[in-house]
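Undergrad: If it helps, the file is called my_file_39.txt and holds compact mmCIF, N, CA and C atoms:
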# COMPACT_ATOMS: atom_id res chain seq x y z
N MET U 742 3.07 -23.10 -1.21
CA MET U 742 3.36 -23.02 -2.61
C MET U 742 3.73 -21.58 -2.96
N ALA U 743 4.83 -21.40 -3.62
CA ALA U 743 5.27 -20.08 -4.04
C ALA U 743 4.41 -19.59 -5.21
N ALA U 744 4.20 -18.30 -5.25
CA ALA U 744 3.45 -17.69 -6.36
C ALA U 744 4.26 -16.53 -6.91
N THR U 745 4.32 -16.44 -8.20
CA THR U 745 4.99 -15.33 -8.86
C THR U 745 3.96 -14.55 -9.64
N ARG U 746 3.96 -13.25 -9.46
CA ARG U 746 3.05 -12.38 -10.21
C ARG U 746 3.90 -11.51 -11.13
N THR U 747 3.36 -11.17 -12.29
CA THR U 747 4.14 -10.48 -13.30
C THR U 747 3.43 -9.23 -13.80
N ALA U 748 4.23 -8.18 -13.97
CA ALA U 748 3.81 -6.96 -14.64
C ALA U 748 4.98 -6.52 -15.50
N HIS U 749 4.70 -5.74 -16.51
CA HIS U 749 5.80 -5.22 -17.33
C HIS U 749 5.51 -3.77 -17.71
N THR U 750 6.58 -3.05 -17.98
CA THR U 750 6.47 -1.64 -18.36
C THR U 750 7.25 -1.40 -19.65
N VAL U 751 6.66 -0.63 -20.54
CA VAL U 751 7.31 -0.16 -21.76
C VAL U 751 7.47 1.34 -21.59
N TRP U 752 8.70 1.85 -21.73
CA TRP U 752 9.00 3.27 -21.56
C TRP U 752 9.58 3.82 -22.86
N ASN U 753 9.15 5.02 -23.22
CA ASN U 753 9.67 5.69 -24.41
C ASN U 753 10.16 7.09 -24.04
N GLY U 754 11.38 7.42 -24.47
CA GLY U 754 11.91 8.75 -24.25
C GLY U 754 12.76 8.84 -22.99
N ASN U 755 13.14 10.08 -22.67
CA ASN U 755 13.96 10.27 -21.47
C ASN U 755 13.09 10.29 -20.21
N LEU U 756 13.73 10.39 -19.07
CA LEU U 756 13.00 10.31 -17.81
C LEU U 756 11.98 11.43 -17.65
N ILE U 757 12.39 12.66 -17.87
CA ILE U 757 11.53 13.80 -17.56
C ILE U 757 10.38 13.97 -18.55
N GLU U 758 10.64 13.87 -19.84
CA GLU U 758 9.59 14.08 -20.84
C GLU U 758 9.00 12.79 -21.38
N GLY U 759 9.63 11.68 -21.08
CA GLY U 759 9.16 10.41 -21.59
C GLY U 759 7.89 9.94 -20.90
N ALA U 760 7.40 8.82 -21.37
CA ALA U 760 6.19 8.22 -20.81
C ALA U 760 6.22 6.73 -21.07
N GLY U 761 5.41 6.04 -20.32
CA GLY U 761 5.34 4.60 -20.51
C GLY U 761 4.00 4.07 -20.07
N ASN U 762 3.92 2.75 -20.11
CA ASN U 762 2.72 2.11 -19.57
C ASN U 762 3.12 0.81 -18.90
N THR U 763 2.43 0.54 -17.82
CA THR U 763 2.67 -0.66 -17.02
C THR U 763 1.44 -1.56 -17.17
N THR U 764 1.69 -2.81 -17.50
CA THR U 764 0.62 -3.78 -17.70
C THR U 764 0.67 -4.82 -16.59
N LEU U 765 -0.48 -5.08 -16.00
CA LEU U 765 -0.60 -6.14 -14.98
C LEU U 765 -0.84 -7.45 -15.73
N ASP U 766 0.23 -8.18 -15.97
CA ASP U 766 0.17 -9.38 -16.79
C ASP U 766 -0.54 -10.54 -16.11
N SER U 767 -0.25 -10.78 -14.86
CA SER U 767 -0.82 -11.96 -14.19
C SER U 767 -2.33 -11.90 -14.10
N SER U 768 -2.86 -10.74 -13.72
CA SER U 768 -4.31 -10.62 -13.55
C SER U 768 -5.01 -10.21 -14.84
N GLY U 769 -4.28 -9.57 -15.74
CA GLY U 769 -4.90 -9.07 -16.95
C GLY U 769 -5.87 -7.92 -16.69
N LEU U 770 -5.72 -7.26 -15.55
CA LEU U 770 -6.67 -6.21 -15.17
C LEU U 770 -6.48 -4.90 -15.90
N GLY U 771 -5.35 -4.73 -16.56
CA GLY U 771 -5.24 -3.50 -17.33
C GLY U 771 -3.83 -3.01 -17.52
N THR U 772 -3.76 -1.93 -18.31
CA THR U 772 -2.53 -1.24 -18.59
C THR U 772 -2.69 0.19 -18.12
N PHE U 773 -1.66 0.71 -17.44
CA PHE U 773 -1.75 2.02 -16.81
C PHE U 773 -0.60 2.90 -17.28
N ASP U 774 -0.93 4.13 -17.70
CA ASP U 774 0.07 5.09 -18.14
C ASP U 774 0.88 5.56 -16.95
N VAL U 775 2.22 5.67 -17.13
CA VAL U 775 3.12 6.15 -16.09
C VAL U 775 3.99 7.27 -16.66
N THR U 776 4.27 8.27 -15.82
CA THR U 776 5.15 9.37 -16.21
C THR U 776 5.93 9.85 -15.00
N TRP U 777 7.03 10.57 -15.29
CA TRP U 777 7.79 11.22 -14.22
C TRP U 777 6.92 12.27 -13.54
N LYS U 778 6.17 13.02 -14.33
CA LYS U 778 5.32 14.07 -13.78
C LYS U 778 4.33 13.50 -12.76
N ALA U 779 3.82 12.29 -13.01
CA ALA U 779 2.90 11.67 -12.06
C ALA U 779 3.59 11.33 -10.74
N ARG U 780 4.91 11.21 -10.76
CA ARG U 780 5.68 10.95 -9.54
C ARG U 780 5.90 12.21 -8.72
N THR U 781 6.06 13.35 -9.42
CA THR U 781 6.57 14.54 -8.75
C THR U 781 5.60 15.72 -8.74
N GLU U 782 4.53 15.64 -9.52
CA GLU U 782 3.55 16.73 -9.60
C GLU U 782 2.16 16.12 -9.53
N GLN U 783 1.20 16.74 -10.17
CA GLN U 783 -0.14 16.17 -10.24
C GLN U 783 -0.13 14.95 -11.16
N SER U 784 -0.94 13.97 -10.82
CA SER U 784 -0.91 12.72 -11.58
C SER U 784 -1.49 12.86 -12.99
N GLY U 785 -2.44 13.76 -13.18
CA GLY U 785 -2.99 13.96 -14.52
C GLY U 785 -3.54 12.71 -15.16
N GLY U 786 -4.14 11.84 -14.35
CA GLY U 786 -4.72 10.62 -14.90
C GLY U 786 -3.72 9.52 -15.20
N LYS U 787 -2.50 9.71 -14.73
CA LYS U 787 -1.45 8.70 -14.93
C LYS U 787 -1.02 8.21 -13.56
N THR U 788 -0.33 7.10 -13.52
CA THR U 788 0.09 6.53 -12.24
C THR U 788 1.60 6.62 -12.09
N SER U 789 2.09 6.14 -10.97
CA SER U 789 3.52 6.14 -10.67
C SER U 789 3.86 4.86 -9.92
N PRO U 790 5.14 4.51 -9.87
CA PRO U 790 5.52 3.35 -9.07
C PRO U 790 5.06 3.48 -7.61
N GLU U 791 5.08 4.71 -7.08
CA GLU U 791 4.69 4.90 -5.68
C GLU U 791 3.20 4.63 -5.47
N GLU U 792 2.37 5.02 -6.43
CA GLU U 792 0.94 4.73 -6.30
C GLU U 792 0.70 3.22 -6.36
N LEU U 793 1.44 2.54 -7.23
CA LEU U 793 1.30 1.08 -7.31
C LEU U 793 1.77 0.41 -6.01
N ILE U 794 2.84 0.93 -5.42
CA ILE U 794 3.31 0.42 -4.12
C ILE U 794 2.27 0.70 -3.04
N ALA U 795 1.67 1.90 -3.07
CA ALA U 795 0.63 2.24 -2.09
C ALA U 795 -0.55 1.27 -2.19
N ALA U 796 -0.94 0.93 -3.41
CA ALA U 796 -2.03 -0.02 -3.60
C ALA U 796 -1.66 -1.38 -3.01
N ALA U 797 -0.45 -1.82 -3.29
CA ALA U 797 0.00 -3.11 -2.76
C ALA U 797 0.06 -3.09 -1.23
N HIS U 798 0.57 -1.99 -0.66
CA HIS U 798 0.73 -1.92 0.79
C HIS U 798 -0.62 -1.88 1.50
N SER U 799 -1.56 -1.10 0.98
CA SER U 799 -2.88 -1.03 1.62
C SER U 799 -3.60 -2.37 1.55
N ALA U 800 -3.50 -3.06 0.42
CA ALA U 800 -4.14 -4.37 0.28
C ALA U 800 -3.48 -5.40 1.19
N CYS U 801 -2.17 -5.42 1.22
CA CYS U 801 -1.44 -6.40 2.02
C CYS U 801 -1.71 -6.20 3.51
N PHE U 802 -1.66 -4.94 3.98
CA PHE U 802 -1.92 -4.68 5.39
C PHE U 802 -3.33 -5.12 5.76
N SER U 803 -4.32 -4.80 4.93
CA SER U 803 -5.70 -5.19 5.23
C SER U 803 -5.83 -6.71 5.34
N MET U 804 -5.15 -7.41 4.46
CA MET U 804 -5.19 -8.87 4.50
C MET U 804 -4.47 -9.41 5.74
N ALA U 805 -3.31 -8.84 6.07
CA ALA U 805 -2.56 -9.29 7.25
C ALA U 805 -3.35 -9.03 8.53
N PHE U 806 -3.99 -7.87 8.61
CA PHE U 806 -4.80 -7.54 9.78
C PHE U 806 -5.97 -8.51 9.91
N SER U 807 -6.66 -8.78 8.80
CA SER U 807 -7.79 -9.72 8.82
C SER U 807 -7.35 -11.11 9.23
N HIS U 808 -6.18 -11.53 8.75
CA HIS U 808 -5.64 -12.85 9.12
C HIS U 808 -5.30 -12.91 10.60
N ALA U 809 -4.68 -11.85 11.11
CA ALA U 809 -4.34 -11.82 12.53
C ALA U 809 -5.59 -11.82 13.40
N LEU U 810 -6.62 -11.12 12.98
CA LEU U 810 -7.89 -11.14 13.71
C LEU U 810 -8.45 -12.56 13.78
N ALA U 811 -8.46 -13.24 12.64
CA ALA U 811 -9.00 -14.60 12.59
C ALA U 811 -8.25 -15.52 13.52
N GLY U 812 -6.93 -15.32 13.64
CA GLY U 812 -6.12 -16.13 14.54
C GLY U 812 -6.51 -15.96 16.00
N GLU U 813 -7.19 -14.86 16.30
CA GLU U 813 -7.64 -14.60 17.67
C GLU U 813 -9.15 -14.73 17.82
N GLY U 814 -9.80 -15.28 16.79
CA GLY U 814 -11.22 -15.56 16.87
C GLY U 814 -12.14 -14.40 16.51
N PHE U 815 -11.62 -13.40 15.80
CA PHE U 815 -12.42 -12.24 15.42
C PHE U 815 -12.51 -12.14 13.90
N THR U 816 -13.62 -11.55 13.45
CA THR U 816 -13.79 -11.27 12.03
C THR U 816 -14.22 -9.82 11.89
N ALA U 817 -13.52 -9.09 11.06
CA ALA U 817 -13.87 -7.69 10.83
C ALA U 817 -15.09 -7.60 9.92
N GLU U 818 -15.97 -6.67 10.25
CA GLU U 818 -17.06 -6.35 9.33
C GLU U 818 -16.50 -5.57 8.15
N GLU U 819 -15.50 -4.71 8.44
CA GLU U 819 -14.86 -3.95 7.38
C GLU U 819 -13.49 -3.48 7.85
N VAL U 820 -12.53 -3.53 6.93
CA VAL U 820 -11.19 -2.96 7.14
C VAL U 820 -10.97 -2.02 5.97
N ASN U 821 -10.73 -0.74 6.28
CA ASN U 821 -10.53 0.27 5.24
C ASN U 821 -9.14 0.87 5.46
N THR U 822 -8.23 0.59 4.55
CA THR U 822 -6.84 1.02 4.70
C THR U 822 -6.41 1.88 3.52
N LYS U 823 -5.76 3.00 3.85
CA LYS U 823 -5.16 3.88 2.85
C LYS U 823 -3.66 3.89 3.10
N ALA U 824 -2.88 3.86 2.05
CA ALA U 824 -1.42 3.99 2.17
C ALA U 824 -0.98 5.22 1.39
N ASP U 825 -0.21 6.07 2.05
CA ASP U 825 0.40 7.24 1.42
C ASP U 825 1.89 6.98 1.32
N VAL U 826 2.38 6.75 0.11
CA VAL U 826 3.80 6.47 -0.12
C VAL U 826 4.45 7.76 -0.61
N THR U 827 5.52 8.17 0.07
CA THR U 827 6.20 9.42 -0.24
C THR U 827 7.45 9.17 -1.07
N PHE U 828 7.57 9.94 -2.15
CA PHE U 828 8.74 9.90 -3.03
C PHE U 828 9.40 11.28 -3.02
N VAL U 829 10.70 11.31 -2.80
CA VAL U 829 11.46 12.55 -2.83
C VAL U 829 12.47 12.43 -3.97
N PRO U 830 12.32 13.29 -5.01
CA PRO U 830 13.28 13.23 -6.12
C PRO U 830 14.72 13.38 -5.61
N GLY U 831 15.60 12.54 -6.11
CA GLY U 831 16.99 12.56 -5.69
C GLY U 831 17.27 11.71 -4.47
N THR U 832 16.23 11.35 -3.75
CA THR U 832 16.37 10.51 -2.55
C THR U 832 15.71 9.16 -2.75
N GLY U 833 14.48 9.17 -3.24
CA GLY U 833 13.73 7.94 -3.46
C GLY U 833 12.50 7.87 -2.58
N ILE U 834 12.02 6.67 -2.38
CA ILE U 834 10.85 6.45 -1.53
C ILE U 834 11.31 6.53 -0.08
N THR U 835 10.66 7.41 0.67
CA THR U 835 11.10 7.66 2.05
C THR U 835 10.16 7.12 3.11
N GLY U 836 8.93 6.80 2.74
CA GLY U 836 8.02 6.29 3.76
C GLY U 836 6.69 5.85 3.20
N SER U 837 6.01 5.08 4.02
CA SER U 837 4.64 4.67 3.73
C SER U 837 3.84 4.86 5.01
N HIS U 838 2.79 5.68 4.91
CA HIS U 838 1.94 5.92 6.07
C HIS U 838 0.61 5.23 5.85
N LEU U 839 0.28 4.30 6.72
CA LEU U 839 -0.97 3.56 6.65
C LEU U 839 -2.00 4.23 7.56
N THR U 840 -3.21 4.41 7.04
CA THR U 840 -4.33 4.91 7.83
C THR U 840 -5.43 3.87 7.70
N MET U 841 -5.81 3.28 8.83
CA MET U 841 -6.77 2.18 8.80
C MET U 841 -7.89 2.43 9.79
N THR U 842 -9.10 2.16 9.34
CA THR U 842 -10.27 2.13 10.21
C THR U 842 -10.89 0.75 10.06
N ALA U 843 -11.20 0.13 11.18
CA ALA U 843 -11.79 -1.20 11.12
C ALA U 843 -12.97 -1.30 12.08
N LYS U 844 -13.96 -2.03 11.65
CA LYS U 844 -15.11 -2.33 12.50
C LYS U 844 -15.03 -3.82 12.83
N VAL U 845 -14.75 -4.10 14.10
CA VAL U 845 -14.54 -5.48 14.54
C VAL U 845 -15.37 -5.71 15.81
N PRO U 846 -16.53 -6.34 15.68
CA PRO U 846 -17.38 -6.55 16.86
C PRO U 846 -16.66 -7.35 17.95
N GLY U 847 -16.75 -6.86 19.19
CA GLY U 847 -16.23 -7.58 20.35
C GLY U 847 -14.75 -7.39 20.61
N LEU U 848 -14.03 -6.67 19.77
CA LEU U 848 -12.59 -6.51 19.95
C LEU U 848 -12.31 -5.31 20.85
N SER U 849 -11.46 -5.51 21.85
CA SER U 849 -11.09 -4.41 22.75
C SER U 849 -10.11 -3.47 22.04
N GLU U 850 -10.04 -2.25 22.53
CA GLU U 850 -9.10 -1.26 21.98
C GLU U 850 -7.66 -1.74 22.15
N GLU U 851 -7.37 -2.34 23.29
CA GLU U 851 -6.01 -2.83 23.56
C GLU U 851 -5.61 -3.92 22.57
N ASP U 852 -6.49 -4.89 22.35
CA ASP U 852 -6.20 -5.96 21.40
C ASP U 852 -6.13 -5.41 19.97
N PHE U 853 -6.99 -4.44 19.66
CA PHE U 853 -6.96 -3.81 18.34
C PHE U 853 -5.60 -3.18 18.07
N ARG U 854 -5.08 -2.44 19.04
CA ARG U 854 -3.77 -1.78 18.88
C ARG U 854 -2.67 -2.82 18.65
N ARG U 855 -2.67 -3.85 19.47
CA ARG U 855 -1.64 -4.88 19.37
C ARG U 855 -1.70 -5.60 18.02
N ILE U 856 -2.89 -5.99 17.61
CA ILE U 856 -3.06 -6.71 16.35
C ILE U 856 -2.70 -5.81 15.16
N SER U 857 -3.07 -4.53 15.24
CA SER U 857 -2.75 -3.58 14.17
C SER U 857 -1.24 -3.44 14.00
N GLU U 858 -0.53 -3.28 15.10
CA GLU U 858 0.93 -3.13 15.03
C GLU U 858 1.59 -4.41 14.52
N ASP U 859 1.08 -5.57 14.96
CA ASP U 859 1.61 -6.84 14.47
C ASP U 859 1.40 -6.98 12.97
N ALA U 860 0.23 -6.56 12.49
CA ALA U 860 -0.06 -6.64 11.05
C ALA U 860 0.85 -5.68 10.27
N LYS U 861 1.14 -4.53 10.85
CA LYS U 861 2.01 -3.56 10.17
C LYS U 861 3.39 -4.16 9.94
N THR U 862 3.94 -4.83 10.92
CA THR U 862 5.27 -5.41 10.76
C THR U 862 5.23 -6.77 10.07
N GLY U 863 4.11 -7.48 10.18
CA GLY U 863 4.01 -8.82 9.60
C GLY U 863 3.57 -8.88 8.16
N CYS U 864 3.04 -7.80 7.65
CA CYS U 864 2.59 -7.75 6.25
C CYS U 864 3.80 -7.94 5.33
N PRO U 865 3.75 -8.87 4.37
CA PRO U 865 4.88 -9.09 3.48
C PRO U 865 5.34 -7.85 2.71
N VAL U 866 4.42 -6.96 2.34
CA VAL U 866 4.85 -5.74 1.65
C VAL U 866 5.61 -4.84 2.61
N SER U 867 5.19 -4.77 3.88
CA SER U 867 5.98 -4.02 4.87
C SER U 867 7.39 -4.58 4.95
N GLY U 868 7.50 -5.90 4.90
CA GLY U 868 8.82 -6.52 4.92
C GLY U 868 9.66 -6.11 3.73
N ALA U 869 9.03 -6.03 2.56
CA ALA U 869 9.75 -5.62 1.36
C ALA U 869 10.15 -4.14 1.42
N LEU U 870 9.42 -3.38 2.21
CA LEU U 870 9.69 -1.95 2.35
C LEU U 870 10.47 -1.63 3.63
N ALA U 871 11.13 -2.61 4.19
CA ALA U 871 11.78 -2.46 5.49
C ALA U 871 12.82 -1.35 5.55
N SER U 872 13.32 -0.90 4.42
CA SER U 872 14.35 0.14 4.43
C SER U 872 13.77 1.54 4.57
N ILE U 873 12.43 1.67 4.58
CA ILE U 873 11.80 2.99 4.74
C ILE U 873 11.00 3.02 6.03
N GLU U 874 10.60 4.22 6.43
CA GLU U 874 9.77 4.36 7.62
C GLU U 874 8.33 4.00 7.28
N ILE U 875 7.74 3.13 8.09
CA ILE U 875 6.34 2.75 7.94
C ILE U 875 5.62 3.16 9.21
N THR U 876 4.60 3.99 9.05
CA THR U 876 3.83 4.47 10.20
C THR U 876 2.38 4.04 10.04
N LEU U 877 1.64 4.05 11.16
CA LEU U 877 0.25 3.59 11.15
C LEU U 877 -0.58 4.44 12.08
N ASP U 878 -1.72 4.91 11.56
CA ASP U 878 -2.80 5.48 12.37
C ASP U 878 -3.95 4.52 12.24
N ALA U 879 -4.37 3.92 13.35
CA ALA U 879 -5.44 2.93 13.32
C ALA U 879 -6.58 3.36 14.22
N THR U 880 -7.81 3.20 13.72
CA THR U 880 -9.00 3.57 14.46
C THR U 880 -9.96 2.38 14.48
N LEU U 881 -10.39 2.04 15.68
CA LEU U 881 -11.41 0.99 15.84
C LEU U 881 -12.76 1.68 15.84
N ALA U 882 -13.55 1.41 14.80
CA ALA U 882 -14.86 2.03 14.67
C ALA U 882 -15.86 1.33 15.55
N ALA U 883 -16.82 2.10 16.03
CA ALA U 883 -17.87 1.53 16.90
C ALA U 883 -18.89 0.78 16.09
Please express what this file holds, its structure, as structure tokens.

TA:
Amino acid sequence: MAATRTAHTVWNGNLIEGAGNTTLDSSGLGTFDVTWKARTEQSGGKTSPEELIAAAHSACFSMAFSHALAGEGFTAEEVNTKADVTFVPGTGITGSHLTMTAKVPGLSEEDFRRISEDAKTGCPVSGALASIEITLDATLAA
């Protein structure tokens, strides 16, 4: 079954000095202030499209990794994923770097590496970001 999720943004003013807010409509979890400055300088308590993409990518990768583990008979005690999405003014989004640490009882390092790489390419958000470089540092915790 297909699912559609919705968010909307209201923007006022020009790009550099303007500001807006993005609302997560489907979940109703909140409205977040967005600015150009949050994209290119310190966030100052505001968000950016890149931070929202980073949130989506870290969540999606964690879910894809957990699903791939289950397919091989393993369950993670914890998967902790951070995504760093890079934005270059005038160029756009250039990459997403995933850093993941997982505690998975009984999983070999070799299988961990293989499953991690499969999850990196199999995650639907990675697919949506296929035009940028996606890198992964993965650590199997003891």

Undergrad: Between U:Ile873, U:Ala744, U:Gly759, U:Phe773, which residue has the minimum interatomic distance to Ile834 in chain U, considering only N, CA and C atoms?

TA: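 Among the listed residues, the smallest separation from Ile834 in chain U belongs to U:Ile873.
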
Undergrad: Would you mind reading off the distance between atom N of Ser857 in chain U and CA of Glu818 in chain U, one decimal, in Å?

TA: 15.3 Å

Undergrad: Excluding same-chain residues fewer than 2 positions from Asn821 in chain U, what lies within 7 Å of it counting all atoms listed in the file, as a list in words?

TA: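 The contact residues come out as Ser803, Glu819, Lys823, Thr840, Met841, Thr842, Ala843 and Lys844 of chain U.
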
Undergrad: For Gly786 in chain U, find every residue with an atom within 8 Å (counting only N, CA and C atoms), except residues of its own chain fewer than 6 positions away, and show them as a ChimeraX atom specification.

TA: /U:773-775,779

Undergrad: With distances taken over all atoms listed in the file, which residue among U:Ser849, U:Thr822, U:Thr776, U:Thr750 lies nearest Thr764 in chain U?

TA: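 Selected residue with least distance to Thr764 in chain U: U:Thr750.
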
Undergrad: Got a sec to tell me which of chain U DSSP assigns to helix (DSSP H, G or I), as a PyMOL selection string?

TA: chain U and resi 777-781+790-812+850-863+865-869

Undergrad: Keeping only N, CA and C atoms, write the selected residues to a file as a compact mmCIF listing (two decimals), in the coordinates of the input.

TA:
# COMPACT_ATOMS: atom_id res chain seq x y z
N TRP U 777 7.03 10.57 -15.29
CA TRP U 777 7.79 11.22 -14.22
C TRP U 777 6.92 12.27 -13.54
N LYS U 778 6.17 13.02 -14.33
CA LYS U 778 5.32 14.07 -13.78
C LYS U 778 4.33 13.50 -12.76
N ALA U 779 3.82 12.29 -13.01
CA ALA U 779 2.90 11.67 -12.06
C ALA U 779 3.59 11.33 -10.74
N ARG U 780 4.91 11.21 -10.76
CA ARG U 780 5.68 10.95 -9.54
C ARG U 780 5.90 12.21 -8.72
N THR U 781 6.06 13.35 -9.42
CA THR U 781 6.57 14.54 -8.75
C THR U 781 5.60 15.72 -8.74
N PRO U 790 5.14 4.51 -9.87
CA PRO U 790 5.52 3.35 -9.07
C PRO U 790 5.06 3.48 -7.61
N GLU U 791 5.08 4.71 -7.08
CA GLU U 791 4.69 4.90 -5.68
C GLU U 791 3.20 4.63 -5.47
N GLU U 792 2.37 5.02 -6.43
CA GLU U 792 0.94 4.73 -6.30
C GLU U 792 0.70 3.22 -6.36
N LEU U 793 1.44 2.54 -7.23
CA LEU U 793 1.30 1.08 -7.31
C LEU U 793 1.77 0.41 -6.01
N ILE U 794 2.84 0.93 -5.42
CA ILE U 794 3.31 0.42 -4.12
C ILE U 794 2.27 0.70 -3.04
N ALA U 795 1.67 1.90 -3.07
CA ALA U 795 0.63 2.24 -2.09
C ALA U 795 -0.55 1.27 -2.19
N ALA U 796 -0.94 0.93 -3.41
CA ALA U 796 -2.03 -0.02 -3.60
C ALA U 796 -1.66 -1.38 -3.01
N ALA U 797 -0.45 -1.82 -3.29
CA ALA U 797 0.00 -3.11 -2.76
C ALA U 797 0.06 -3.09 -1.23
N HIS U 798 0.57 -1.99 -0.66
CA HIS U 798 0.73 -1.92 0.79
C HIS U 798 -0.62 -1.88 1.50
N SER U 799 -1.56 -1.10 0.98
CA SER U 799 -2.88 -1.03 1.62
C SER U 799 -3.60 -2.37 1.55
N ALA U 800 -3.50 -3.06 0.42
CA ALA U 800 -4.14 -4.37 0.28
C ALA U 800 -3.48 -5.40 1.19
N CYS U 801 -2.17 -5.42 1.22
CA CYS U 801 -1.44 -6.40 2.02
C CYS U 801 -1.71 -6.20 3.51
N PHE U 802 -1.66 -4.94 3.98
CA PHE U 802 -1.92 -4.68 5.39
C PHE U 802 -3.33 -5.12 5.76
N SER U 803 -4.32 -4.80 4.93
CA SER U 803 -5.70 -5.19 5.23
C SER U 803 -5.83 -6.71 5.34
N MET U 804 -5.15 -7.41 4.46
CA MET U 804 -5.19 -8.87 4.50
C MET U 804 -4.47 -9.41 5.74
N ALA U 805 -3.31 -8.84 6.07
CA ALA U 805 -2.56 -9.29 7.25
C ALA U 805 -3.35 -9.03 8.53
N PHE U 806 -3.99 -7.87 8.61
CA PHE U 806 -4.80 -7.54 9.78
C PHE U 806 -5.97 -8.51 9.91
N SER U 807 -6.66 -8.78 8.80
CA SER U 807 -7.79 -9.72 8.82
C SER U 807 -7.35 -11.11 9.23
N HIS U 808 -6.18 -11.53 8.75
CA HIS U 808 -5.64 -12.85 9.12
C HIS U 808 -5.30 -12.91 10.60
N ALA U 809 -4.68 -11.85 11.11
CA ALA U 809 -4.34 -11.82 12.53
C ALA U 809 -5.59 -11.82 13.40
N LEU U 810 -6.62 -11.12 12.98
CA LEU U 810 -7.89 -11.14 13.71
C LEU U 810 -8.45 -12.56 13.78
N ALA U 811 -8.46 -13.24 12.64
CA ALA U 811 -9.00 -14.60 12.59
C ALA U 811 -8.25 -15.52 13.52
N GLY U 812 -6.93 -15.32 13.64
CA GLY U 812 -6.12 -16.13 14.54
C GLY U 812 -6.51 -15.96 16.00
N GLU U 850 -10.04 -2.25 22.53
CA GLU U 850 -9.10 -1.26 21.98
C GLU U 850 -7.66 -1.74 22.15
N GLU U 851 -7.37 -2.34 23.29
CA GLU U 851 -6.01 -2.83 23.56
C GLU U 851 -5.61 -3.92 22.57
N ASP U 852 -6.49 -4.89 22.35
CA ASP U 852 -6.20 -5.96 21.40
C ASP U 852 -6.13 -5.41 19.97
N PHE U 853 -6.99 -4.44 19.66
CA PHE U 853 -6.96 -3.81 18.34
C PHE U 853 -5.60 -3.18 18.07
N ARG U 854 -5.08 -2.44 19.04
CA ARG U 854 -3.77 -1.78 18.88
C ARG U 854 -2.67 -2.82 18.65
N ARG U 855 -2.67 -3.85 19.47
CA ARG U 855 -1.64 -4.88 19.37
C ARG U 855 -1.70 -5.60 18.02
N ILE U 856 -2.89 -5.99 17.61
CA ILE U 856 -3.06 -6.71 16.35
C ILE U 856 -2.70 -5.81 15.16
N SER U 857 -3.07 -4.53 15.24
CA SER U 857 -2.75 -3.58 14.17
C SER U 857 -1.24 -3.44 14.00
N GLU U 858 -0.53 -3.28 15.10
CA GLU U 858 0.93 -3.13 15.03
C GLU U 858 1.59 -4.41 14.52
N ASP U 859 1.08 -5.57 14.96
CA ASP U 859 1.61 -6.84 14.47
C ASP U 859 1.40 -6.98 12.97
N ALA U 860 0.23 -6.56 12.49
CA ALA U 860 -0.06 -6.64 11.05
C ALA U 860 0.85 -5.68 10.27
N LYS U 861 1.14 -4.53 10.85
CA LYS U 861 2.01 -3.56 10.17
C LYS U 861 3.39 -4.16 9.94
N THR U 862 3.94 -4.83 10.92
CA THR U 862 5.27 -5.41 10.76
C THR U 862 5.23 -6.77 10.07
N GLY U 863 4.11 -7.48 10.18
CA GLY U 863 4.01 -8.82 9.60
C GLY U 863 3.57 -8.88 8.16
N PRO U 865 3.75 -8.87 4.37
CA PRO U 865 4.88 -9.09 3.48
C PRO U 865 5.34 -7.85 2.71
N VAL U 866 4.42 -6.96 2.34
CA VAL U 866 4.85 -5.74 1.65
C VAL U 866 5.61 -4.84 2.61
N SER U 867 5.19 -4.77 3.88
CA SER U 867 5.98 -4.02 4.87
C SER U 867 7.39 -4.58 4.95
N GLY U 868 7.50 -5.90 4.90
CA GLY U 868 8.82 -6.52 4.92
C GLY U 868 9.66 -6.11 3.73
N ALA U 869 9.03 -6.03 2.56
CA ALA U 869 9.75 -5.62 1.36
C ALA U 869 10.15 -4.14 1.42

Undergrad: Point out the residue among U:Gly812, U:Gly785, U:Pro830, U:Pro846 with the least atom-to-atom distance to Ala860 in chain U, counting only C-alpha atoms.

TA: U:Gly812

Undergrad: Find, counting only C-alpha atoms, the residue in U:Lys778, U:Lys861, U:Lys787, U:His838 that gets nearest to Leu756 in chain U.

TA: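 Closest residue, counting only C-alpha atoms: U:Lys778.
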
Undergrad: Mind checking which residues fall within 8 Å of His798 in chain U, counting all atoms listed in the file, ignoring those fewer than 2 positions away in the same chain, and posting them as a PyMOL selection string?

TA: chain U and resi 792-796+800-804+822-825+839+865-867
